[in-house]
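File shown: target_26.tsv. Contents: TSV, C-alpha atoms.
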chain	number	residue	atom	x	y	z
A	1197	MET	CA	31.97	15.73	1.72
A	1198	LYS	CA	31.19	12.40	0.08
A	1199	SER	CA	27.59	11.22	0.39
A	1200	ASP	CA	26.88	7.66	1.52
A	1201	ARG	CA	23.54	7.62	-0.24
A	1202	LYS	CA	23.14	4.93	-2.88
A	1203	LYS	CA	22.45	5.89	-6.47
A	1204	PHE	CA	19.54	3.43	-6.68
A	1205	VAL	CA	16.81	2.71	-4.16
A	1206	GLY	CA	16.40	-0.84	-2.95
A	1207	PHE	CA	18.77	-3.61	-1.93
A	1208	TYR	CA	20.82	-5.64	-4.37
A	1209	HIS	CA	22.51	-8.76	-3.01
A	1210	TYR	CA	22.16	-12.53	-3.19
A	1211	GLY	CA	19.71	-12.54	-0.29
A	1212	VAL	CA	16.89	-11.25	-2.50
A	1213	ILE	CA	17.85	-12.84	-5.81
A	1214	LEU	CA	15.34	-15.70	-5.53
A	1215	THR	CA	12.51	-13.26	-4.90
A	1216	TYR	CA	13.51	-11.26	-7.97
A	1217	ILE	CA	13.67	-14.45	-10.05
A	1218	SER	CA	10.20	-15.39	-8.78
A	1219	VAL	CA	8.78	-12.08	-10.01
A	1220	ILE	CA	10.52	-12.40	-13.38
A	1221	ALA	CA	9.17	-15.93	-13.82
A	1222	ALA	CA	5.68	-14.71	-12.92
A	1223	ILE	CA	5.78	-11.91	-15.49
A	1224	VAL	CA	7.01	-14.30	-18.17
A	1225	GLY	CA	4.23	-16.73	-17.24
A	1226	ILE	CA	1.60	-13.97	-17.41
A	1227	CYS	CA	2.77	-12.93	-20.88
A	1228	PHE	CA	2.74	-16.47	-22.25
A	1229	SER	CA	-0.63	-17.21	-20.64
A	1230	ALA	CA	-2.06	-14.09	-22.29
A	1231	MET	CA	-0.96	-15.59	-25.62
A	1232	GLY	CA	-2.73	-18.87	-24.85
A	1233	ARG	CA	0.40	-20.75	-23.74
A	1234	SER	CA	-0.90	-21.78	-20.32
A	1235	GLY	CA	1.55	-24.69	-20.14
A	1236	ILE	CA	4.47	-22.28	-20.01
A	1237	GLY	CA	2.51	-20.31	-17.42
A	1238	ILE	CA	2.36	-23.45	-15.26
A	1239	ILE	CA	6.11	-24.00	-15.62
A	1240	CYS	CA	6.77	-20.41	-14.58
A	1241	LEU	CA	4.41	-20.86	-11.61
A	1242	LEU	CA	6.45	-23.87	-10.50
A	1243	VAL	CA	9.66	-21.85	-10.82
A	1244	SER	CA	8.16	-19.08	-8.68
A	1245	GLY	CA	7.06	-21.66	-6.11
A	1246	VAL	CA	10.53	-23.18	-5.81
A	1247	CYS	CA	12.13	-19.73	-5.50
A	1248	ASP	CA	9.68	-18.71	-2.79
A	1249	ALA	CA	10.21	-21.95	-0.88
A	1250	PHE	CA	13.90	-21.20	-0.34
A	1251	ASP	CA	14.23	-17.41	-0.52
A	1252	GLY	CA	13.89	-17.05	3.24
A	1253	ALA	CA	16.55	-19.67	3.92
A	1254	VAL	CA	18.93	-17.97	1.49
A	1255	ALA	CA	18.30	-14.55	3.01
A	1256	LYS	CA	19.08	-15.84	6.51
A	1257	THR	CA	22.56	-16.92	5.44
A	1258	ARG	CA	23.58	-13.25	5.27
A	1259	LYS	CA	25.06	-12.49	8.68
A	1260	ASP	CA	25.27	-8.73	8.25
A	1261	ARG	CA	21.59	-8.03	7.57
A	1262	THR	CA	20.34	-4.71	8.92
A	1263	MET	CA	16.80	-4.16	10.16
A	1264	GLN	CA	16.07	-2.10	7.05
A	1265	ASP	CA	17.44	-4.88	4.88
A	1266	LYS	CA	15.26	-7.46	6.62
A	1267	MET	CA	12.13	-5.30	6.37
A	1268	PHE	CA	12.77	-4.72	2.67
A	1269	GLY	CA	13.04	-8.47	2.10
A	1270	GLU	CA	9.73	-9.07	3.87
A	1271	GLN	CA	7.98	-6.38	1.83
A	1272	ILE	CA	9.18	-7.53	-1.58
A	1273	ASP	CA	8.44	-11.14	-0.67
A	1274	SER	CA	4.82	-10.24	0.02
A	1275	LEU	CA	4.50	-8.05	-3.06
A	1276	SER	CA	6.08	-10.68	-5.30
A	1277	ASP	CA	3.72	-13.31	-3.88
A	1278	MET	CA	0.73	-11.28	-5.05
A	1279	VAL	CA	2.11	-11.18	-8.58
A	1280	ALA	CA	3.33	-14.78	-8.70
A	1281	PHE	CA	0.52	-16.50	-6.79
A	1282	GLY	CA	-2.39	-14.09	-7.10
A	1283	VAL	CA	-2.25	-12.65	-10.62
A	1284	ALA	CA	-0.22	-15.18	-12.62
A	1285	PRO	CA	-2.43	-18.18	-11.70
A	1286	ALA	CA	-5.53	-16.29	-12.83
A	1287	MET	CA	-3.87	-15.62	-16.17
A	1288	ILE	CA	-3.27	-19.36	-16.59
A	1289	GLY	CA	-7.03	-19.83	-16.65
A	1290	PHE	CA	-7.30	-17.03	-19.19
A	1291	GLY	CA	-4.70	-18.81	-21.30
A	1292	LEU	CA	-6.78	-22.00	-21.18
A	1293	GLY	CA	-9.63	-20.22	-22.93
A	1294	MET	CA	-11.60	-18.84	-19.97
A	1295	ARG	CA	-11.94	-15.50	-21.74
A	1296	GLU	CA	-15.68	-14.87	-21.59
A	1297	TRP	CA	-16.89	-12.24	-19.13
A	1298	TYR	CA	-18.56	-14.76	-16.83
A	1299	TRP	CA	-15.17	-16.29	-15.92
A	1300	TYR	CA	-13.81	-12.94	-14.75
A	1301	PRO	CA	-15.59	-13.02	-11.35
A	1302	VAL	CA	-13.82	-16.34	-10.67
A	1303	PHE	CA	-10.44	-14.73	-11.31
A	1304	ALA	CA	-11.40	-11.67	-9.26
A	1305	VAL	CA	-12.47	-13.77	-6.25
A	1306	PHE	CA	-9.28	-15.79	-6.46
A	1307	ALA	CA	-7.00	-12.72	-6.61
A	1308	LEU	CA	-8.97	-10.90	-3.89
A	1309	CYS	CA	-8.74	-13.86	-1.50
A	1310	ALA	CA	-5.00	-14.09	-2.18
A	1311	LEU	CA	-4.66	-10.38	-1.39
A	1312	ILE	CA	-6.64	-10.74	1.85
A	1313	ARG	CA	-4.58	-13.76	2.90
A	1314	LEU	CA	-1.29	-11.94	2.27
A	1315	ALA	CA	-2.38	-8.81	4.11
A	1316	TYR	CA	-3.65	-10.84	7.07
A	1317	TYR	CA	-0.38	-12.75	7.28
A	1318	ASN	CA	1.62	-9.52	7.21
A	1319	VAL	CA	-0.41	-8.04	10.07
A	1320	THR	CA	-0.24	-11.14	12.27
A	1321	GLU	CA	3.46	-11.60	11.55
A	1322	GLU	CA	4.22	-8.00	12.53
A	1323	ILE	CA	2.29	-8.43	15.77
A	1324	ARG	CA	4.04	-11.72	16.47
A	1325	CYS	CA	7.48	-10.23	15.87
A	1326	SER	CA	6.73	-7.34	18.22
A	1327	ASP	CA	6.13	-9.82	21.04
A	1328	GLU	CA	9.48	-10.53	22.70
A	1329	ASN	CA	8.17	-13.80	24.09
A	1330	ALA	CA	6.94	-15.11	20.75
A	1331	GLY	CA	8.89	-18.06	19.42
A	1332	GLU	CA	9.41	-19.20	15.88
A	1333	ARG	CA	6.26	-19.59	13.80
A	1334	THR	CA	5.24	-23.24	13.56
A	1335	SER	CA	1.94	-22.97	11.65
A	1336	PHE	CA	-0.15	-20.75	9.41
A	1337	GLU	CA	-3.78	-19.68	9.58
A	1338	GLY	CA	-5.40	-20.46	6.26
A	1339	LEU	CA	-3.68	-21.75	3.16
A	1340	PRO	CA	-0.52	-19.77	2.32
A	1341	VAL	CA	-0.81	-18.35	-1.18
A	1342	THR	CA	2.45	-20.01	-2.22
A	1343	ASN	CA	0.68	-23.37	-2.11
A	1344	VAL	CA	-0.96	-22.42	-5.40
A	1345	ALA	CA	2.31	-23.54	-6.98
A	1346	VAL	CA	1.59	-27.02	-5.62
A	1347	ALA	CA	-2.16	-27.31	-6.22
A	1348	LEU	CA	-2.80	-25.52	-9.50
A	1349	PRO	CA	-0.35	-27.52	-11.69
A	1350	VAL	CA	-2.07	-30.71	-10.54
A	1351	PHE	CA	-5.53	-29.32	-11.38
A	1352	TRP	CA	-4.21	-27.98	-14.70
A	1353	LEU	CA	-2.85	-31.35	-15.80
A	1354	VAL	CA	-6.11	-33.08	-14.88
A	1355	ALA	CA	-8.21	-30.36	-16.52
A	1356	THR	CA	-6.27	-30.39	-19.79
A	1357	MET	CA	-6.96	-34.09	-20.20
A	1358	PHE	CA	-10.52	-33.08	-21.15
A	1359	LEU	CA	-9.83	-30.29	-23.64
A	1360	ASN	CA	-11.65	-32.20	-26.40
A	1361	TYR	CA	-14.84	-32.66	-24.38
A	1362	TRP	CA	-17.71	-30.23	-25.06
A	1363	ASN	CA	-15.42	-27.61	-26.59
A	1364	GLY	CA	-13.26	-27.48	-23.47
A	1365	LEU	CA	-16.16	-26.86	-21.09
A	1366	VAL	CA	-15.13	-29.74	-18.80
A	1367	THR	CA	-11.61	-28.29	-18.60
A	1368	LYS	CA	-12.96	-24.86	-17.71
A	1369	LEU	CA	-15.30	-26.24	-15.05
A	1370	ILE	CA	-12.47	-28.18	-13.42
A	1371	MET	CA	-10.31	-25.06	-13.34
A	1372	THR	CA	-13.20	-23.01	-11.97
A	1373	GLY	CA	-13.61	-25.50	-9.15
A	1374	ALA	CA	-9.86	-25.34	-8.50
A	1375	TYR	CA	-9.80	-21.53	-8.32
A	1376	LEU	CA	-12.82	-21.33	-6.01
A	1377	LEU	CA	-11.58	-24.13	-3.73
A	1378	ILE	CA	-8.11	-22.60	-3.39
A	1379	ALA	CA	-9.60	-19.13	-2.83
A	1380	PHE	CA	-11.82	-20.53	-0.09
A	1381	LEU	CA	-8.85	-22.19	1.62
A	1382	PHE	CA	-6.94	-18.89	1.50
A	1383	VAL	CA	-9.43	-17.25	3.85
A	1384	PHE	CA	-10.85	-20.24	5.74
A	1385	ARG	CA	-9.44	-20.33	9.25
A	1386	PHE	CA	-7.56	-23.57	9.85
A	1387	ARG	CA	-4.07	-24.44	11.06
A	1388	MET	CA	-1.49	-25.56	8.54
A	1389	PRO	CA	1.95	-26.67	9.79
A	1390	LYS	CA	4.93	-24.69	8.55
A	1391	LEU	CA	7.40	-26.94	6.78
A	1392	LYS	CA	11.12	-26.69	7.35
A	1393	THR	CA	13.71	-27.21	4.62
A	1394	LYS	CA	13.55	-31.00	4.85
A	1395	GLY	CA	9.76	-30.96	4.63
A	1396	LEU	CA	9.90	-28.63	1.62
A	1397	LEU	CA	12.31	-30.95	-0.19
A	1398	ILE	CA	10.06	-33.95	0.49
A	1399	THR	CA	7.03	-32.00	-0.73
A	1400	ILE	CA	8.83	-31.00	-3.93
A	1401	ALA	CA	9.86	-34.63	-4.53
A	1402	ILE	CA	6.29	-35.88	-4.04
A	1403	LEU	CA	4.89	-33.12	-6.26
A	1404	THR	CA	7.40	-33.99	-8.97
A	1405	VAL	CA	6.32	-37.63	-8.94
A	1406	ILE	CA	2.64	-36.63	-9.13
A	1407	LEU	CA	3.18	-34.15	-11.96
A	1408	VAL	CA	5.32	-36.54	-14.00
A	1409	SER	CA	2.73	-39.30	-13.53
A	1410	LEU	CA	-0.14	-37.05	-14.60
A	1411	PHE	CA	1.87	-35.78	-17.56
A	1412	LEU	CA	2.53	-39.35	-18.77
A	1413	ILE	CA	-1.12	-40.27	-18.34
A	1414	LYS	CA	-2.13	-37.18	-20.31
A	1415	LYS	CA	0.41	-37.82	-23.03
A	1416	TYR	CA	-0.25	-41.52	-23.63
A	1417	CYS	CA	-3.85	-42.01	-22.46
A	1418	CYS	CA	-5.55	-38.71	-23.22
A	1419	PRO	CA	-4.15	-37.37	-26.51
A	1420	VAL	CA	-5.49	-33.96	-27.44
When written as structure tokens, how does the structure in this file appear?
Amino acid sequence: MKSDRKKFVGFYHYGVILTYISVIAAIVGICFSAMGRSGIGIICLLVSGVCDAFDGAVAKTRKDRTMQDKMFGEQIDSLSDMVAFGVAPAMIGFGLGMREWYWYPVFAVFALCALIRLAYYNVTEEIRCSDENAGERTSFEGLPVTNVAVALPVFWLVATMFLNYWNGLVTKLIMTGAYLLIAFLFVFRFRMPKLKTKGLLITIAILTVILVSLFLIKKYCCPV
């Protein structure tokens, strides 16, 4: 009798491809950041952010999703977020030269707050989904970890404008403030509206304008 068991565990279809790409980009970014190439780490963070922004929309286009398929997608999305938006951003700071022991608590706090935020979201989302009367989620409690892909590149571009000041201390202090502020917003209880596809596209367009502007300012006004 022929078995219907698959030879490999997991699910392999276009509905999860963006999540897989996000993880791959995060790993590449971590490796380059470890070698001191934090700029490539930032680019990889942006790639992960774009993938995460639209992975849910892509997954929903599959009409034949099973419950197991859907649950798998939710799990890998959360796990990939920890790698892409919890670990990889910390390594960007390491790549900028924050390699002394006293910077490590900053990275640890950042990653821990990201972990707490992800776990809390998973719990509340499971409870919400179990309620038959619950409608579609319209807001989040605390800053979603994926917003690191929006905030950190801005802080990084500003911080790297001061690499020649006091042996990079100004740059490191700016990044420290960024990590601690973002970590605080992860766990601080406030309501943040959930953007739909149109809102995400507008946000990406605005972020692109800001990043390009900061890059030009850095290139022509703050040579390093």
With 12 Å as the cut-off and all atoms listed in the file counted, what is the closest atom pair between each nearby residue of segment 1291-1343 of chain A and segment 1262-1269 of chain A? Distances in Å to one decimal, ordered by chain and number, as a tab-separated table.
residue	atom	partner	partner_atom	distance
A:Asn1318	CA	A:Met1267	CA	11.4
A:Glu1321	CA	A:Met1267	CA	11.9
A:Glu1322	CA	A:Met1267	CA	10.4
A:Cys1325	CA	A:Met1267	CA	11.7
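The smallest atom-to-atom distance between Leu1407 of chain A and any of A:Gly1237, A:Gly1373, A:Gly1211, A:Pro1349, using only C-alpha atoms, is found for A:Pro1349.
Across the structure, atom CA of Thr1356 of chain A and atom CA of Ala1249 of chain A are spaced 26.5 Å apart.
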Tell me which residues come within 7 Å of (-9.0, -16.1, -12.1), as a PDB file with C-alpha atoms, in the coordinates of the input, counting all atoms listed in the file in the file's coordinates.
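The resulting part-v8.pdb:
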ATOM      1  CA  PRO A1285      -2.430 -18.180 -11.700  1.00  0.00           C
ATOM      2  CA  ALA A1286      -5.530 -16.290 -12.830  1.00  0.00           C
ATOM      3  CA  MET A1287      -3.870 -15.620 -16.170  1.00  0.00           C
ATOM      4  CA  GLY A1289      -7.030 -19.830 -16.650  1.00  0.00           C
ATOM      5  CA  TYR A1300     -13.810 -12.940 -14.750  1.00  0.00           C
ATOM      6  CA  VAL A1302     -13.820 -16.340 -10.670  1.00  0.00           C
ATOM      7  CA  PHE A1303     -10.440 -14.730 -11.310  1.00  0.00           C
ATOM      8  CA  ALA A1304     -11.400 -11.670  -9.260  1.00  0.00           C
ATOM      9  CA  PHE A1306      -9.280 -15.790  -6.460  1.00  0.00           C
ATOM     10  CA  ALA A1307      -7.000 -12.720  -6.610  1.00  0.00           C
ATOM     11  CA  TYR A1375      -9.800 -21.530  -8.320  1.00  0.00           C
TER      12      TYR A1375
END
Pairwise distance for atom CA of Tyr1317 of chain A and atom CA of Ser1234 of chain A, rounded to one decimal in Å: 29.0 Å
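Of the residues listed (A:Ile1220, A:Ile1370, A:Ile1226, A:Gln1271), A:Gln1271 shows the shortest atom-to-atom separation from Phe1207 of chain A; distances use all atoms listed in the file.
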Using only C-alpha atoms: which of A:Ile1213, A:Val1383, A:Cys1418, A:Ile1236 has the shortest distance to Gly1291 of chain A: A:Ile1236
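Here atom CA of Ala1230 of chain A is placed at a distance of 18.1 Å from atom CA of Val1243 of chain A.
Nearest to Val1341 of chain A of all the residues A:Phe1228, A:Trp1362, A:Phe1204, A:Phe1281 is A:Phe1281, based on all atoms listed in the file.
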Polymer residues at most 10 Å from Ile1272 of chain A, all atoms listed in the file, same-chain spacing of 3 or more positions, as an MDAnalysis selection string: chainID A and resid 1206 1212 1215:1216 1219 1267:1269 1275:1278
Could you write out the selected residues, including C-alpha atoms, as a CSV table (one decimal), keeping the file's coordinate frame?
chain,number,residue,atom,x,y,z
A,1206,GLY,CA,16.4,-0.8,-3.0
A,1212,VAL,CA,16.9,-11.2,-2.5
A,1215,THR,CA,12.5,-13.3,-4.9
A,1216,TYR,CA,13.5,-11.3,-8.0
A,1219,VAL,CA,8.8,-12.1,-10.0
A,1267,MET,CA,12.1,-5.3,6.4
A,1268,PHE,CA,12.8,-4.7,2.7
A,1269,GLY,CA,13.0,-8.5,2.1
A,1275,LEU,CA,4.5,-8.0,-3.1
A,1276,SER,CA,6.1,-10.7,-5.3
A,1277,ASP,CA,3.7,-13.3,-3.9
A,1278,MET,CA,0.7,-11.3,-5.0
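Among the candidate residues A:Val1405, A:Ala1355, A:Val1254, A:Met1231, the one lying nearest to Leu1214 of chain A is A:Val1254, with distances computed using all atoms listed in the file.
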Nearest candidate to Leu1292 of chain A (options A:Lys1414, A:Arg1313, A:Arg1233, A:Arg1324; using only C-alpha atoms): A:Arg1233
Long-range neighbours of Lys1390 of chain A as an MDAnalysis selection string, 9 Å cut-off, all atoms listed in the file, 3 positions minimum in chain: chainID A and resid 1333:1336 1395
